[in-house]
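Take a look at the structure below.
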Amino acid sequence: MGYATFRRAVKEQKTPFYKLLYKIAVKVRRFSVPVIKPFHNFLYHEWLFRRGLWHNFWRVVYYEPMFKSQCVEVGPGFRMEYAGNGSTTVAGQVDIYFGKNIRMFDNTWIQGVPIGGRSVLKVGDDSYLSPMTRIIVAERVEIGKRCLVAAKFIADNSGHPISDVMGRMVSGGGLPSPGSIKPVKIGDFCLLGTQTIIYPGTVIGDGVVAQIGTHLKGNIPPFTIVGGNPMRILGKLPIPKEISEIVGEERYQGYLKAHEDLEI
């Protein structure tokens with residue numbers, strides 16, 4: 001009798017013997033060790049400590065230096081958080097400039113597709129890139145300071161030719177046409193929720209909050225909340241007077257003027 005036949009006989013409980021084997025198998029599969037809370041609580045925290053120690057060792061001596069070697073500039077305080085990938089993937093040719101105290105995850109994907117020039121990615125001080133963020137740069141993508149970015153996709157280009165069907169027939173789908181390349185600029189203090197998508201040519205003002213899954217496109221006024229696909233402005237956000245001490249009085253007055261001109 002082959003294993004498959006034996007297993008089927010046990011599962012179908014064809015005879016008292018197979019029925020007994022089936023009951024034993026069920027009990028074995030359902031067996032679990034009783035929880036001794038103080039002991040297993042200690043084991044859990046020991047595991048967290050040991051895992052963190054191991055990951056941080058490799059982060060410091062291996063993964064972070066590898067990523068920095070692919071950048072033009074990385075400020076002090078950079079930290080690559082662990083998400084199971086090891087190190088952030090940098091594909092193609094792209095000049096990466098990171099400010100200080102940047103936090104990002106190792107499963108972030110950065111790709112350069114330069115068309116007749118240099119691809120440039122800039123991320124400002126104290127910004128945070130969440131897991132699974134994907135950035136594709138043909139010319140320029142700029143993320144401001146103190147941003148929280150959980151975008152699924154940020155691109156300043158179409159990825160492949162749009163109007164040239166013959167161009168898409170080449171191996172790999174071809175390169176975006178120069179006319180489809182439009183730089184992306186994300187202002188300071190922005191919060192871009194999970195699964196947001198930023199299209200070519202998008203200019204996001206300071207302090208913008210995008211709801212989960214928002215498709216951002218065009219010029220978005222500062223300190224507004226946006227959502228949906230297609231995106232729409234849902235409301236104005238408070239502009240604290242204290243922020244003028246950070247950005248200066250001129251920019252602060254610019255925020256107020258933008259709100260005055262905005263009809264929702």
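Residues in the structure tokens are named by chain (A, B, ... in the order shown) and by number from 1 within that chain; ligands are numbered from 1 in the order shown.
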(request) Based on DSSP run over this structure's backbone, return all residues of region 37-165 of chain A in strand (DSSP E or B), as an MDAnalysis selection string. (result) chainID A and resid 73:74 79:81 89:92 95:98 103:105 109:112 120:123 128:129 134:137 140:143 148:149 153:155
Next, dump the selected residues to file, keeping only N, CA and C atoms, as a CSV table (one decimal), in the first residue's frame.
```csv
chain,number,residue,atom,x,y,z
A,73,GLU,N,25.0,61.0,-1.1
A,73,GLU,CA,25.1,61.7,0.2
A,73,GLU,C,24.0,61.1,1.1
A,74,VAL,N,24.5,60.7,2.3
A,74,VAL,CA,23.5,60.3,3.4
A,74,VAL,C,24.0,61.0,4.7
A,79,ARG,N,18.9,55.4,9.5
A,79,ARG,CA,18.6,54.1,10.1
A,79,ARG,C,17.7,53.3,9.1
A,80,MET,N,18.1,52.1,8.8
A,80,MET,CA,17.4,51.2,8.0
A,80,MET,C,16.7,50.2,8.8
A,81,GLU,N,15.3,50.3,8.9
A,81,GLU,CA,14.6,49.3,9.8
A,81,GLU,C,14.4,48.0,9.1
A,89,THR,N,16.7,47.9,-2.1
A,89,THR,CA,17.2,47.7,-3.5
A,89,THR,C,17.2,49.0,-4.2
A,90,VAL,N,18.4,49.3,-4.8
A,90,VAL,CA,18.6,50.4,-5.7
A,90,VAL,C,18.9,49.9,-7.1
A,91,ALA,N,17.9,50.1,-8.0
A,91,ALA,CA,18.1,49.6,-9.4
A,91,ALA,C,18.3,50.8,-10.4
A,92,GLY,N,19.0,50.5,-11.4
A,92,GLY,CA,19.2,51.5,-12.4
A,92,GLY,C,20.2,52.6,-11.9
A,95,ASP,N,20.9,59.3,-8.6
A,95,ASP,CA,21.7,60.0,-7.6
A,95,ASP,C,20.8,60.2,-6.4
A,96,ILE,N,21.2,59.6,-5.2
A,96,ILE,CA,20.4,59.7,-4.0
A,96,ILE,C,21.0,60.6,-3.0
A,97,TYR,N,20.2,61.6,-2.5
A,97,TYR,CA,20.7,62.5,-1.5
A,97,TYR,C,19.7,62.4,-0.3
A,98,PHE,N,20.2,61.9,0.8
A,98,PHE,CA,19.4,61.8,2.0
A,98,PHE,C,19.9,62.8,3.1
A,103,ARG,N,14.7,57.7,8.4
A,103,ARG,CA,14.4,56.3,8.7
A,103,ARG,C,13.7,55.7,7.5
A,104,MET,N,14.1,54.5,7.1
A,104,MET,CA,13.4,53.8,6.0
A,104,MET,C,13.5,52.3,6.2
A,105,PHE,N,12.7,51.6,5.5
A,105,PHE,CA,12.7,50.1,5.7
A,105,PHE,C,13.5,49.4,4.6
A,109,TRP,N,11.9,50.2,-2.4
A,109,TRP,CA,12.5,50.0,-3.7
A,109,TRP,C,12.7,51.3,-4.4
A,110,ILE,N,14.0,51.6,-4.8
A,110,ILE,CA,14.3,52.8,-5.5
A,110,ILE,C,14.9,52.5,-6.9
A,111,GLN,N,14.3,53.1,-7.9
A,111,GLN,CA,14.8,52.7,-9.3
A,111,GLN,C,15.0,54.0,-10.1
A,112,GLY,N,16.1,54.1,-10.8
A,112,GLY,CA,16.4,55.2,-11.7
A,112,GLY,C,16.2,54.8,-13.1
A,120,VAL,N,17.5,62.0,-10.0
A,120,VAL,CA,17.9,62.5,-8.7
A,120,VAL,C,16.7,62.3,-7.7
A,121,LEU,N,17.0,61.7,-6.6
A,121,LEU,CA,16.1,61.5,-5.5
A,121,LEU,C,16.6,62.2,-4.3
A,122,LYS,N,15.8,63.2,-3.7
A,122,LYS,CA,16.2,63.9,-2.5
A,122,LYS,C,15.2,63.7,-1.4
A,123,VAL,N,15.6,63.4,-0.2
A,123,VAL,CA,14.8,63.2,0.9
A,123,VAL,C,15.3,64.1,2.0
A,128,TYR,N,10.5,59.9,7.1
A,128,TYR,CA,10.3,58.5,7.4
A,128,TYR,C,9.7,57.9,6.2
A,129,LEU,N,10.3,56.8,5.6
A,129,LEU,CA,9.7,56.0,4.5
A,129,LEU,C,9.3,54.7,5.0
A,134,ARG,N,7.8,52.4,-3.0
A,134,ARG,CA,8.4,52.2,-4.3
A,134,ARG,C,8.6,53.6,-5.0
A,135,ILE,N,9.8,54.0,-5.3
A,135,ILE,CA,10.0,55.2,-6.0
A,135,ILE,C,10.8,55.0,-7.3
A,136,ILE,N,10.2,55.6,-8.4
A,136,ILE,CA,10.9,55.4,-9.7
A,136,ILE,C,11.1,56.8,-10.2
A,137,VAL,N,12.4,57.1,-10.5
A,137,VAL,CA,12.8,58.4,-10.9
A,137,VAL,C,13.5,58.4,-12.3
A,140,ARG,N,13.6,63.8,-11.5
A,140,ARG,CA,13.7,64.3,-10.1
A,140,ARG,C,12.5,64.0,-9.3
A,141,VAL,N,12.7,63.4,-8.1
A,141,VAL,CA,11.7,63.3,-7.1
A,141,VAL,C,12.3,63.9,-5.8
A,142,GLU,N,11.5,64.8,-5.2
A,142,GLU,CA,12.0,65.4,-4.0
A,142,GLU,C,11.0,65.3,-2.9
A,143,ILE,N,11.4,64.8,-1.7
A,143,ILE,CA,10.6,64.7,-0.5
A,143,ILE,C,11.1,65.6,0.5
A,148,LEU,N,6.1,61.9,6.7
A,148,LEU,CA,5.8,60.5,6.9
A,148,LEU,C,5.2,59.9,5.6
A,149,VAL,N,6.0,59.1,4.9
A,149,VAL,CA,5.6,58.7,3.6
A,149,VAL,C,5.3,57.2,3.6
A,153,PHE,N,3.5,54.0,-4.4
A,153,PHE,CA,4.2,54.3,-5.6
A,153,PHE,C,4.4,55.8,-5.8
A,154,ILE,N,5.6,56.2,-6.1
A,154,ILE,CA,5.9,57.6,-6.4
A,154,ILE,C,6.7,57.6,-7.7
A,155,ALA,N,6.3,58.3,-8.7
A,155,ALA,CA,7.0,58.3,-10.0
A,155,ALA,C,6.9,59.6,-10.7
```
(request) Would you list the contacts of Asp164 (chain A) as a ChimeraX atom specification, taking every protein, DNA or RNA residue within 10 Å and counting only C-alpha atoms, but skipping same-chain residues closer than 3 positions in sequence? (result) /A:160-161,167-169,174,176-177
(message) List the spatial neighbours of Lys236 (chain A) as a count of residues only - criterion: any atom at most 12 Å away, only C-alpha atoms, same-chain residues fewer than 2 positions off excluded.
(response) 24
Name all residues at most 7 Å from Asp106 (chain A) (count only C-alpha atoms; drop same-chain ones fewer than 3 positions away) and give them as a CSV table (one decimal) with N, CA and C atoms, in the first residue's frame.
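Result file is around-v3.csv:
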```csv
chain,number,residue,atom,x,y,z
A,80,MET,N,18.1,52.1,8.8
A,80,MET,CA,17.4,51.2,8.0
A,80,MET,C,16.7,50.2,8.8
A,81,GLU,N,15.3,50.3,8.9
A,81,GLU,CA,14.6,49.3,9.8
A,81,GLU,C,14.4,48.0,9.1
A,82,TYR,N,14.3,47.0,9.9
A,82,TYR,CA,14.2,45.6,9.4
A,82,TYR,C,12.8,45.2,9.0
A,83,ALA,N,12.6,44.7,7.8
A,83,ALA,CA,11.3,44.2,7.4
A,83,ALA,C,11.5,42.9,6.6
A,85,ASN,N,13.9,42.1,4.2
A,85,ASN,CA,14.6,42.1,2.9
A,85,ASN,C,16.1,42.2,3.1
A,86,GLY,N,16.6,42.8,4.1
A,86,GLY,CA,18.0,42.9,4.3
A,86,GLY,C,18.5,44.3,4.0
A,87,SER,N,18.5,44.7,2.7
A,87,SER,CA,18.9,46.0,2.4
A,87,SER,C,18.0,46.6,1.3
A,88,THR,N,17.8,47.9,1.3
A,88,THR,CA,17.0,48.5,0.2
A,88,THR,C,17.6,48.3,-1.1
```
(request) Just the residues within 12 Å of region 16-30 of chain A, please, counting only C-alpha atoms, with nothing from its chain fewer than 4 positions along; format it as a ChimeraX atom specification. (result) /A:5-12
(request) Would you list the contacts of Pro230 (chain A) as a ChimeraX atom specification, taking every protein, DNA or RNA residue within 12 Å and counting only C-alpha atoms, but skipping same-chain residues closer than 2 positions in sequence? (result) /A:196-199,213-218,226-228,232-233
(request) Between CA of Tyr44 (chain A) and CA of Asn56 (chain A), measure the distance and give it in Å to one decimal. (result) 18.1 Å
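One finds CA of Lys185 (chain A) at 9.5 Å from CA of Pro200 (chain A).
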